[in-house]
>>> print(open('final-v3.cif').read())   # mmCIF, C-alpha atoms
data_entry
#
loop_
_atom_site.label_atom_id
_atom_site.label_comp_id
_atom_site.auth_asym_id
_atom_site.auth_seq_id
_atom_site.Cartn_x
_atom_site.Cartn_y
_atom_site.Cartn_z
CA MET A 275 0.00 0.00 0.00
CA ASP A 276 1.29 3.48 -0.87
CA GLU A 277 2.10 5.86 1.94
CA ILE A 278 0.21 9.14 2.05
CA GLY A 279 1.89 12.41 2.91
CA VAL A 280 -0.15 15.20 4.48
CA ILE A 281 1.14 18.78 4.41
CA GLY A 282 -0.37 21.00 7.10
CA ALA A 283 -0.87 20.50 10.83
CA GLY A 284 -3.85 22.74 11.46
CA GLY A 285 -7.24 21.31 12.37
CA GLU A 286 -8.03 20.14 8.83
CA GLY A 287 -4.62 18.55 8.27
CA LEU A 288 -4.67 16.69 11.57
CA ALA A 289 -8.24 15.51 10.97
CA VAL A 290 -7.22 14.19 7.53
CA VAL A 291 -4.24 12.40 9.11
CA ALA A 292 -6.44 10.84 11.78
CA HIS A 293 -9.12 9.81 9.28
CA LEU A 294 -6.70 8.21 6.83
CA SER A 295 -4.77 6.47 9.58
CA SER A 296 -8.00 5.19 11.13
CA ALA A 297 -8.81 3.61 7.74
CA GLY A 298 -5.52 1.69 7.78
CA HIS A 299 -3.34 3.92 5.60
CA ARG A 300 0.28 4.64 6.51
CA VAL A 301 0.48 8.43 6.89
CA ARG A 302 3.34 10.90 7.20
CA LEU A 303 2.84 14.51 8.30
CA CYS A 304 4.78 17.55 7.11
CA THR A 305 4.60 20.90 8.92
CA ARG A 306 6.82 23.97 9.04
CA ASN A 307 6.89 23.77 12.84
CA PRO A 308 7.07 20.16 14.11
CA GLN A 309 7.34 21.46 17.68
CA ARG A 310 3.65 22.44 17.52
CA VAL A 311 2.83 18.73 17.19
CA ALA A 312 5.64 17.45 19.37
CA GLY A 313 3.33 14.94 21.04
CA ILE A 314 2.47 13.37 17.68
CA ARG A 315 6.11 13.42 16.60
CA ASP A 316 7.43 11.88 19.78
CA GLY A 317 4.58 9.45 20.40
CA GLY A 318 4.09 8.31 16.81
CA GLU A 319 0.32 8.72 16.95
CA VAL A 320 -2.43 11.33 16.80
CA ARG A 321 -5.17 11.48 19.43
CA ALA A 322 -8.63 12.22 18.01
CA THR A 323 -11.72 13.23 19.98
CA GLY A 324 -15.21 14.30 19.01
CA GLU A 325 -16.78 12.69 15.95
CA LEU A 326 -13.65 10.58 15.48
CA GLU A 327 -12.35 8.93 18.65
CA GLY A 328 -9.12 7.05 19.18
CA ARG A 329 -5.35 7.09 18.80
CA PHE A 330 -4.01 6.44 15.33
CA PRO A 331 -0.44 5.83 14.14
CA VAL A 332 1.56 8.50 12.32
CA ALA A 333 4.68 7.15 10.62
CA GLN A 334 6.65 10.41 10.68
CA VAL A 335 6.48 14.14 11.38
CA THR A 336 8.90 16.16 9.23
CA ALA A 337 9.53 19.74 8.22
CA ASP A 338 11.05 18.69 4.88
CA PRO A 339 8.67 18.56 1.87
CA ALA A 340 11.41 16.94 -0.21
CA GLU A 341 11.62 14.00 2.16
CA LEU A 342 7.84 13.67 2.13
CA ALA A 343 7.82 13.61 -1.68
CA ARG A 344 10.53 10.94 -1.74
CA ARG A 345 8.55 8.66 0.54
CA CYS A 346 4.97 9.33 -0.56
CA ARG A 347 3.46 9.21 -4.03
CA VAL A 348 0.15 10.68 -2.86
CA LEU A 349 0.54 14.13 -1.28
CA VAL A 350 -2.40 15.79 0.48
CA VAL A 351 -2.09 19.56 0.96
CA ALA A 352 -4.28 20.61 3.89
CA ALA A 353 -2.67 24.01 4.46
CA ILE A 354 -4.10 27.50 4.05
CA THR A 355 -4.66 28.27 0.37
CA THR A 356 -2.60 31.47 0.44
CA ALA A 357 0.44 29.24 1.04
CA TYR A 358 -0.09 27.23 -2.17
CA PRO A 359 2.57 29.03 -4.26
CA GLU A 360 5.16 28.54 -1.51
CA ILE A 361 4.26 24.87 -1.01
CA ALA A 362 4.27 24.18 -4.75
CA ALA A 363 7.71 25.78 -5.04
CA SER A 364 9.03 23.59 -2.21
CA LEU A 365 7.76 20.43 -3.93
CA ALA A 366 8.39 21.15 -7.61
CA ALA A 367 11.96 19.84 -7.84
CA HIS A 368 11.11 16.62 -6.01
CA LEU A 369 8.07 15.39 -7.93
CA THR A 370 7.83 12.74 -10.62
CA THR A 371 5.03 11.96 -13.02
CA ASP A 372 3.92 9.25 -10.57
CA HIS A 373 2.94 11.80 -7.92
CA VAL A 374 -0.62 12.93 -7.26
CA ILE A 375 -1.50 16.14 -5.40
CA VAL A 376 -4.79 16.32 -3.47
CA LEU A 377 -5.90 19.69 -2.06
CA PHE A 378 -8.10 20.13 1.06
CA SER A 379 -9.57 22.75 0.47
CA GLY A 380 -8.81 24.38 -2.84
CA LYS A 381 -11.24 27.32 -2.62
CA LEU A 382 -11.92 28.68 -6.14
CA CYS A 383 -9.68 27.10 -8.80
CA GLY A 384 -7.02 26.10 -6.26
CA SER A 385 -5.87 23.08 -8.23
CA ALA A 386 -5.37 25.27 -11.30
CA GLU A 387 -3.22 27.68 -9.28
CA PHE A 388 -1.24 24.83 -7.71
CA ALA A 389 -0.66 23.12 -11.06
CA ALA A 390 0.48 26.41 -12.63
CA ALA A 391 2.88 27.04 -9.72
CA LEU A 392 4.34 23.54 -10.06
CA SER A 393 4.86 24.10 -13.77
CA SER A 394 6.57 27.45 -13.11
CA GLY A 395 8.85 25.64 -10.65
CA GLY A 396 9.94 23.14 -13.27
CA ALA A 397 7.94 20.16 -12.01
CA PRO A 398 6.90 17.43 -14.43
CA GLU A 399 3.21 17.30 -15.27
CA VAL A 400 1.34 15.78 -12.32
CA ASP A 401 -2.36 15.48 -11.65
CA VAL A 402 -3.74 17.95 -9.11
CA VAL A 403 -7.24 17.39 -7.71
CA GLU A 404 -9.17 19.08 -4.95
CA THR A 405 -12.11 18.97 -2.60
CA ASP A 406 -13.34 21.28 0.13
CA ALA A 407 -12.33 21.28 3.77
CA LEU A 408 -14.32 18.27 4.98
CA PHE A 409 -13.82 18.64 8.72
CA ALA A 410 -14.77 21.24 11.29
CA ALA A 411 -11.75 20.50 13.47
CA ARG A 412 -9.33 22.18 15.86
CA PRO A 413 -5.87 21.14 17.10
CA ASP A 414 -6.04 19.79 20.65
CA GLY A 415 -2.76 20.21 22.50
CA ASP A 416 0.43 19.09 20.74
CA ASP A 417 -0.75 15.53 20.19
CA GLY A 418 -4.35 15.66 19.10
CA VAL A 419 -7.27 17.01 17.11
CA ARG A 420 -10.88 17.58 18.08
CA VAL A 421 -13.27 16.83 15.21
CA LEU A 422 -16.41 18.93 15.70
CA GLY A 423 -18.11 17.75 12.53
CA THR A 424 -17.56 15.97 9.23
CA LYS A 425 -19.31 17.06 6.06
CA ARG A 426 -21.56 14.30 4.78
CA TRP A 427 -21.44 15.61 1.20
CA ASN A 428 -19.13 17.65 -0.97
CA LEU A 429 -17.60 17.92 -4.42
CA VAL A 430 -14.31 16.94 -6.03
CA SER A 431 -12.72 18.43 -9.12
CA GLY A 432 -9.24 19.12 -10.50
CA ALA A 433 -6.87 21.22 -12.55
CA THR A 434 -8.00 19.43 -15.72
CA PRO A 435 -10.95 17.16 -16.50
CA GLY A 436 -8.44 14.38 -17.23
CA ALA A 437 -6.96 14.68 -13.76
CA VAL A 438 -10.44 14.28 -12.28
CA GLU A 439 -11.19 11.18 -14.35
CA ARG A 440 -7.90 9.54 -13.38
CA ARG A 441 -7.63 10.58 -9.75
CA ALA A 442 -11.05 11.29 -8.25
CA PRO A 443 -11.55 7.59 -7.44
CA VAL A 444 -8.80 7.72 -4.81
CA ILE A 445 -10.49 10.54 -2.92
CA ARG A 446 -13.87 8.88 -3.24
CA GLU A 447 -12.41 5.76 -1.64
CA TRP A 448 -11.28 7.86 1.30
CA PHE A 449 -14.54 9.84 1.38
CA PRO A 450 -17.43 8.04 -0.33
CA GLN A 451 -19.71 11.04 0.26
CA LEU A 452 -17.93 13.03 -2.46
CA GLU A 453 -19.54 13.70 -5.84
CA ILE A 454 -17.67 14.75 -8.97
CA ALA A 455 -18.34 18.42 -9.72
CA THR A 456 -19.49 19.72 -13.08
CA ASN A 457 -16.18 21.59 -13.27
CA LEU A 458 -13.63 23.47 -11.17
CA VAL A 459 -15.77 26.61 -10.80
CA HIS A 460 -18.72 24.51 -9.61
CA ARG A 461 -16.61 22.98 -6.88
CA GLY A 462 -14.96 26.22 -5.83
CA LEU A 463 -18.17 28.23 -5.58
CA THR A 464 -20.05 25.53 -3.67
CA ASP A 465 -18.59 26.91 -0.45
CA VAL A 466 -20.84 28.26 2.28
CA GLY A 467 -17.83 29.61 4.17
CA ALA A 468 -16.62 31.71 1.25
CA VAL A 469 -20.09 33.27 0.94
CA ALA A 470 -20.59 33.79 4.66
CA HIS A 471 -17.33 34.42 6.51
CA ALA A 472 -16.46 37.95 5.37
CA PRO A 473 -20.00 39.45 5.41
CA ILE A 474 -20.70 38.07 8.90
CA ALA A 475 -17.34 39.32 10.15
CA LEU A 476 -17.94 42.78 8.71
CA ALA A 477 -21.45 42.89 10.18
CA ASN A 478 -19.90 42.22 13.59
CA LEU A 479 -16.83 44.39 13.07
CA GLY A 480 -17.03 46.28 16.38
CA THR A 481 -17.47 43.15 18.50
CA ILE A 482 -14.60 41.37 16.78
CA ASP A 483 -12.34 44.43 16.87
CA ARG A 484 -12.87 44.76 20.63
CA GLY A 485 -11.92 41.12 21.11
CA GLU A 486 -15.28 40.19 22.61
CA GLU A 487 -16.36 36.55 22.50
CA LEU A 488 -19.02 35.86 19.88
CA LEU A 489 -20.54 32.63 18.62
CA PHE A 490 -19.96 33.37 14.96
CA TYR A 491 -23.01 31.71 13.40
CA LEU A 492 -25.35 31.48 16.39
CA GLU A 493 -25.00 35.07 17.63
CA GLY A 494 -23.36 36.82 14.70
CA VAL A 495 -26.13 36.20 12.15
CA SER A 496 -29.41 38.08 11.93
CA ASP A 497 -32.07 38.75 9.29
CA ARG A 498 -30.08 41.78 8.13
CA THR A 499 -26.86 39.76 7.91
CA VAL A 500 -28.66 37.13 5.89
CA ALA A 501 -29.78 39.83 3.44
CA LEU A 502 -26.10 40.49 2.72
CA LEU A 503 -25.39 36.78 2.32
CA ARG A 504 -28.21 36.37 -0.17
CA GLU A 505 -26.78 39.12 -2.38
CA VAL A 506 -23.30 37.57 -2.25
CA GLU A 507 -24.76 34.14 -2.98
CA GLN A 508 -26.60 35.52 -6.02
CA GLU A 509 -23.33 36.82 -7.45
CA PHE A 510 -21.74 33.41 -6.86
CA ARG A 511 -24.70 31.83 -8.65
CA GLU A 512 -24.44 34.12 -11.69
CA VAL A 513 -20.70 33.50 -12.11
CA ALA A 514 -21.15 29.74 -11.76
CA ALA A 515 -23.85 29.79 -14.45
CA ALA A 516 -21.57 31.74 -16.77
CA TYR A 517 -19.07 28.88 -16.54
CA GLY A 518 -21.56 26.06 -17.01
CA ALA A 519 -22.46 25.17 -13.42
CA ALA A 520 -25.59 25.44 -11.27
CA LEU A 521 -25.19 26.03 -7.53
CA THR A 522 -27.30 24.38 -4.84
CA PRO A 523 -28.94 26.95 -2.50
CA MET A 524 -26.99 27.49 0.72
CA PRO A 525 -29.60 26.08 3.13
CA ASP A 526 -29.67 22.87 1.10
CA VAL A 527 -25.86 22.73 1.01
CA LEU A 528 -25.75 23.07 4.81
CA ASP A 529 -28.32 20.31 5.09
CA LEU A 530 -26.18 18.11 2.84
CA TYR A 531 -23.10 18.97 4.91
CA TYR A 532 -24.39 18.39 8.41
CA GLY A 533 -28.17 18.19 8.47
CA CYS A 534 -30.14 21.29 9.46
CA THR A 535 -33.48 23.10 9.25
CA THR A 536 -33.88 24.43 5.71
CA THR A 537 -36.87 26.76 6.14
CA SER A 538 -34.52 29.75 5.77
CA LEU A 539 -30.81 30.46 5.59
CA LEU A 540 -30.94 31.93 9.10
CA ASP A 541 -32.58 28.76 10.44
CA ALA A 542 -30.07 26.61 8.56
CA MET A 543 -27.05 28.38 10.02
CA ARG A 544 -28.43 28.34 13.55
CA SER A 545 -29.40 24.66 13.44
CA ALA A 546 -26.31 23.09 11.82
CA ALA A 547 -24.71 21.29 14.78
CA PRO A 548 -21.02 22.21 14.23
CA TYR A 549 -21.94 25.88 13.74
CA LYS A 550 -23.43 26.16 17.24
CA THR A 551 -20.06 26.22 19.00
CA ILE A 552 -17.79 28.01 16.48
CA LEU A 553 -16.44 31.28 17.84
CA ALA A 554 -15.77 34.38 15.77
CA PRO A 555 -12.14 35.07 14.83
CA GLY A 556 -10.20 37.13 17.32
CA SER A 557 -9.64 39.88 14.74
CA LEU A 558 -10.34 40.69 11.11
CA ASP A 559 -6.66 39.90 10.49
CA HIS A 560 -7.49 36.20 10.51
CA ARG A 561 -6.33 33.48 8.16
CA PHE A 562 -9.75 32.20 7.12
CA LEU A 563 -10.93 35.70 6.19
CA HIS A 564 -7.76 36.35 4.21
CA GLU A 565 -8.12 32.94 2.57
CA ASP A 566 -11.72 33.55 1.46
CA ILE A 567 -10.91 37.00 0.07
CA ALA A 568 -7.64 36.09 -1.62
CA SER A 569 -8.53 32.63 -2.89
CA THR A 570 -12.26 32.85 -3.69
CA LEU A 571 -13.52 36.42 -3.99
CA VAL A 572 -10.54 37.75 -5.98
CA PRO A 573 -10.67 35.06 -8.70
CA LEU A 574 -14.50 35.17 -8.70
CA GLU A 575 -14.45 38.90 -9.46
CA ALA A 576 -11.90 38.38 -12.23
CA LEU A 577 -13.83 35.48 -13.79
CA ALA A 578 -17.01 37.55 -13.58
CA ALA A 579 -15.34 40.40 -15.46
CA LYS A 580 -14.30 37.97 -18.22
CA ALA A 581 -17.96 36.94 -18.53
CA GLY A 582 -19.29 40.52 -18.41
CA ILE A 583 -21.02 40.00 -15.03
CA ALA A 584 -21.18 42.72 -12.38
CA THR A 585 -20.28 41.66 -8.82
CA PRO A 586 -20.77 44.81 -6.69
CA MET A 587 -21.16 42.98 -3.37
CA VAL A 588 -18.06 40.85 -3.86
CA GLY A 589 -16.12 43.89 -5.05
CA SER A 590 -17.19 45.90 -2.01
CA ILE A 591 -16.10 43.16 0.37
CA ILE A 592 -12.69 42.99 -1.30
CA ASN A 593 -12.37 46.79 -1.06
CA VAL A 594 -13.33 46.97 2.62
CA MET A 595 -11.23 43.98 3.69
CA SER A 596 -8.22 45.29 1.74
CA THR A 597 -8.55 48.63 3.52
CA LEU A 598 -9.02 47.15 6.99
CA SER A 599 -6.20 44.62 6.66
CA GLY A 600 -3.77 46.75 4.66
CA LYS A 601 -3.41 43.89 2.17
CA PRO A 602 -3.78 44.54 -1.57
CA PHE A 603 -5.80 41.38 -2.18
CA ARG A 604 -6.39 42.04 -5.87
CA ARG A 605 -2.62 41.99 -6.43
CA SER A 606 -1.55 39.43 -3.82
CA GLY A 607 -4.48 37.04 -4.15
CA ARG A 608 -5.34 34.33 -6.68
CA THR A 609 -5.21 36.35 -9.88
CA LEU A 610 -5.94 35.06 -13.37
CA GLU A 611 -2.22 35.40 -14.03
CA ARG A 612 -1.55 32.86 -11.28
CA LEU A 613 -4.12 30.54 -12.82
CA GLY A 614 -2.55 30.91 -16.27
CA TRP A 615 -5.81 32.31 -17.67
CA ALA A 616 -5.10 36.02 -18.01
CA GLU A 617 -4.82 35.90 -21.81
CA HIS A 618 -7.92 33.75 -22.34
CA ASP A 619 -11.43 35.02 -22.89
CA HIS A 620 -14.56 33.75 -21.18
CA ALA A 621 -15.42 31.20 -23.87
CA GLU A 622 -11.88 29.75 -23.87
CA ILE A 623 -11.83 29.36 -20.07
CA ARG A 624 -15.27 27.75 -20.09
CA ARG A 625 -14.23 25.25 -22.80
CA ALA A 626 -11.05 24.39 -20.90
CA LEU A 627 -13.03 23.76 -17.71
CA SER A 628 -15.64 21.45 -19.20
CA PRO A 629 -14.64 19.90 -22.55
CA GLY A 630 -17.19 17.22 -23.40
CA ARG A 631 -18.33 16.84 -19.79
CA THR A 632 -21.55 14.89 -19.30
CA ALA A 633 -23.97 14.98 -16.39
CA GLY A 634 -23.57 11.25 -15.91
CA ALA A 635 -19.93 11.69 -14.95
CA ARG A 636 -20.95 13.38 -11.71
CA THR A 637 -22.42 10.34 -10.05
CA ALA A 638 -20.10 7.55 -11.19
CA PRO A 639 -19.32 5.19 -8.30
CA PRO A 640 -15.82 5.16 -6.83
CA ALA A 641 -13.44 2.62 -8.29
CA PRO A 642 -12.69 -0.42 -6.12
CA GLY A 643 -9.26 -1.31 -4.83
CA SER A 644 -6.44 0.15 -2.78
CA VAL A 645 -5.02 3.64 -2.83
CA ALA A 646 -2.19 2.41 -5.04
CA ALA A 647 -4.64 0.93 -7.56
CA ALA A 648 -6.77 4.05 -7.59
CA VAL A 649 -3.92 6.43 -8.34
#
>>> encode(input="final-v3.cif", output="structure tokens")
Amino acid sequence: MDEIGVIGAGGEGLAVVAHLSSAGHRVRLCTRNPQRVAGIRDGGEVRATGELEGRFPVAQVTADPAELARRCRVLVVAAITTAYPEIAASLAAHLTTDHVIVLFSGKLCGSAEFAAALSSGGAPEVDVVETDALFAARPDGDDGVRVLGTKRWNLVSGATPGAVERRAPVIREWFPQLEIATNLVHRGLTDVGAVAHAPIALANLGTIDRGEELLFYLEGVSDRTVALLREVEQEFREVAAAYGAALTPMPDVLDLYYGCTTTSLLDAMRSAAPYKTILAPGSLDHRFLHEDIASTLVPLEALAAKAGIATPMVGSIINVMSTLSGKPFRRSGRTLERLGWAEHDHAEIRRALSPGRTAGARTAPPAPGSVAAAV
């Protein structure tokens, strides 16, 4: 059986490690700061609590991506998306055509950005596929992870349709709840967090800025907040349609994720079990807000412009967050140049995303066999 390397030791990365190890896979973990997971490194196992309970073996903790690439043909990147260019650069010289990159979560067109960064770094052509963050999880001490919830449904896509056809079966063996997306834009815009995080944070700006404790979804959302979310969601929907995809309404997505009341978006957010205990970020200078702006809203706005679609709500959020954080997101974020699409028009990008794709491809069952057979 092939070993699996996981890059990233935040909540998502540790949950992926625990899940894969619990399923019998030999897993190695790579993180820039092994001291943060010294208990896992020294004890050779990760302790999981919450939805996943137990202690599961971890073959190695390393800070060296090159060593991970030498030992593992399947590499899972579960780090913040704004680190993708740096991670791709660290891996590029050490990859072979036998490697497969799996992103958790890619945000909008993450696998395209990662594949372009690998190519710029001189890597051979490798398949890059992606899904969303599948766990609501938090690190627990230096040896564990607390899994608050696991999404019961999500999508998988990749840098090219061919990569999806060849490699999606491996992820669907790990996570049978995954469905193949219509295309990369469909997967990237089916993301409740990218719609919700920044508007809710801005609606609660004073509370967050003062460092006051706030249950982000339970206390931070009101009818007025939801009005903002609906406008943002509509812009997501229009851009998705322009690139050949139809988005599921957010209450229904939350119900697919965790189960919830779907009578309204407000009811859905307040009734989804993992959302009841999630606290607001300690400041607007927070990684998940930066990630949503840089890696979803920036490319969405650029793709919308290619298609001649106005996105005033998304544009306003980028403007306000850029001002408050002092970060020029439109320059530093996931630009069309980083995706390799700057010189292409809307029709060319749409054709590249979905050449000859059929609806039947979305529900094909996962291929049988081991990880090695699947990849």
>>> residues_around(input="final-v3.cif", residues="Gln451 (chain A)", least_positions_apart="6", cutoff="8 Å", atoms="only C-alpha atoms", output="short mmCIF file (atom, residue, chain, number, x, y, z; two decimals) with C-alpha atoms, keeping the file's coordinate frame")
data_model
loop_
_atom_site.label_atom_id
_atom_site.label_comp_id
_atom_site.auth_asym_id
_atom_site.auth_seq_id
_atom_site.Cartn_x
_atom_site.Cartn_y
_atom_site.Cartn_z
CA ARG A 426 -21.56 14.30 4.78
CA TRP A 427 -21.44 15.61 1.20
CA ASN A 428 -19.13 17.65 -0.97
#
>>> resolve_selection(input="final-v3.cif", expression="the PyMOL selection byres ((chain A and resi 277-288) around 7)", output="list in words")
Met275, Asp276, Ala289, Val290, Val291, Ala292, His299, Arg300, Val301, Arg302, Leu303, Cys304, Thr305, Leu342, Cys346, Arg347, Val348, Leu349, Val350, Val351, Ala352, Ala353, Ala407, Phe409, Ala411, Arg412, Pro413 and Val419 of chain A
>>> residues_around(input="final-v3.cif", residues="Val506 (chain A)", least_positions_apart="5", cutoff="9 Å", atoms="all atoms listed in the file", output="ChimeraX atom specification")
/A:469-470,473,501,511,585-588
>>> closest_atom_pairs(input="final-v3.cif", of="region 388-452 of chain A", to="region 537-553 of chain A", cutoff="10 Å", atoms="only C-alpha atoms", output="CSV")
residue,atom,partner,partner_atom,distance
A:Phe409,CA,A:Pro548,CA,9.7
A:Ala410,CA,A:Pro548,CA,7.0
A:Ala411,CA,A:Pro548,CA,9.5
A:Val421,CA,A:Pro548,CA,9.5
A:Leu422,CA,A:Pro548,CA,5.8
A:Gly423,CA,A:Pro548,CA,5.6
A:Thr424,CA,A:Pro548,CA,8.7
A:Lys425,CA,A:Pro548,CA,9.8
>>> resolve_selection(input="final-v3.cif", expression="the PyMOL selection byres ((chain A and resi 522) around 12)", output="PyMOL selection string")
chain A and resi 428-429+455+460-461+463-466+507-508+510-511+514-515+519-521+523-531
>>> closest_residue(input="final-v3.cif", among="A:Leu452, A:Val572, A:Gly317, A:Lys381", to="Asn593 (chain A)", atoms="only C-alpha atoms")
A:Val572
>>> closest_residue(input="final-v3.cif", among="A:Trp615, A:Tyr532, A:Phe603, A:Tyr358", to="His564 (chain A)", atoms="all atoms listed in the file")
A:Phe603
>>> residues_around(input="final-v3.cif", residues="Asp619 (chain A)", least_positions_apart="6", cutoff="10 Å", atoms="all atoms listed in the file", output="short mmCIF file (atom, residue, chain, number, x, y, z; two decimals) with C-alpha atoms, in the frame of the given file")
data_model
loop_
_atom_site.label_atom_id
_atom_site.label_comp_id
_atom_site.auth_asym_id
_atom_site.auth_seq_id
_atom_site.Cartn_x
_atom_site.Cartn_y
_atom_site.Cartn_z
CA LEU A 577 -13.83 35.48 -13.79
CA ALA A 579 -15.34 40.40 -15.46
CA LYS A 580 -14.30 37.97 -18.22
CA ALA A 581 -17.96 36.94 -18.53
#
>>> closest_residue(input="final-v3.cif", among="A:His373, A:Arg484, A:Arg329, A:Arg498", to="Arg344 (chain A)", atoms="only C-alpha atoms")
A:His373
>>> closest_residue(input="final-v3.cif", among="A:His293, A:Arg624, A:Arg605, A:His560", to="Leu408 (chain A)", atoms="only C-alpha atoms")
A:His293
>>> resolve_selection(input="final-v3.cif", expression="the PyMOL selection byres ((chain A and resi 357) around 12)", output="PyMOL selection string")
chain A and resi 281-282+306+351-356+358-364+377+379-380+384+387-388+391+561+564-565+568-569+606-608
>>> residues_around(input="final-v3.cif", residues="Ala578 (chain A)", least_positions_apart="5", cutoff="9 Å", atoms="all atoms listed in the file", output="ChimeraX atom specification")
/A:509,512-513,516,573,583-585,620
>>> residues_around(input="final-v3.cif", residues="Gly485 (chain A)", least_positions_apart="2", cutoff="12 Å", atoms="only C-alpha atoms", output="ChimeraX atom specification")
/A:478-483,487-488,553-559
>>> decode(input="final-v3.cif", residues="region 390-396 of chain A", atoms="all heavy atoms", output="CSV table (one decimal), in the first residue's frame")
chain,number,residue,atom,x,y,z
A,390,ALA,N,-0.3,25.4,-11.9
A,390,ALA,CA,0.5,26.4,-12.6
A,390,ALA,C,1.8,26.7,-11.9
A,390,ALA,O,2.8,26.9,-12.5
A,390,ALA,CB,-0.4,27.7,-12.8
A,391,ALA,N,1.7,26.8,-10.5
A,391,ALA,CA,2.9,27.0,-9.7
A,391,ALA,C,3.9,25.9,-9.8
A,391,ALA,O,5.1,26.2,-9.9
A,391,ALA,CB,2.5,27.3,-8.3
A,392,LEU,N,3.4,24.7,-9.9
A,392,LEU,CA,4.3,23.5,-10.1
A,392,LEU,C,5.0,23.6,-11.4
A,392,LEU,O,6.2,23.4,-11.5
A,392,LEU,CB,3.6,22.2,-10.0
A,392,LEU,CG,3.1,21.8,-8.6
A,392,LEU,CD1,2.3,20.5,-8.7
A,392,LEU,CD2,4.3,21.5,-7.6
A,393,SER,N,4.3,24.0,-12.4
A,393,SER,CA,4.9,24.1,-13.8
A,393,SER,C,5.9,25.2,-13.8
A,393,SER,O,7.0,25.0,-14.4
A,393,SER,CB,3.8,24.4,-14.8
A,393,SER,OG,4.3,24.5,-16.1
A,394,SER,N,5.6,26.3,-13.2
A,394,SER,CA,6.6,27.4,-13.1
A,394,SER,C,7.8,27.0,-12.4
A,394,SER,O,8.9,27.6,-12.7
A,394,SER,CB,5.9,28.7,-12.4
A,394,SER,OG,4.9,29.2,-13.2
A,395,GLY,N,7.7,26.1,-11.4
A,395,GLY,CA,8.8,25.6,-10.7
A,395,GLY,C,9.6,24.5,-11.3
A,395,GLY,O,10.6,24.0,-10.7
A,396,GLY,N,9.2,24.2,-12.5
A,396,GLY,CA,9.9,23.1,-13.3
A,396,GLY,C,9.5,21.7,-13.0
A,396,GLY,O,10.2,20.8,-13.4
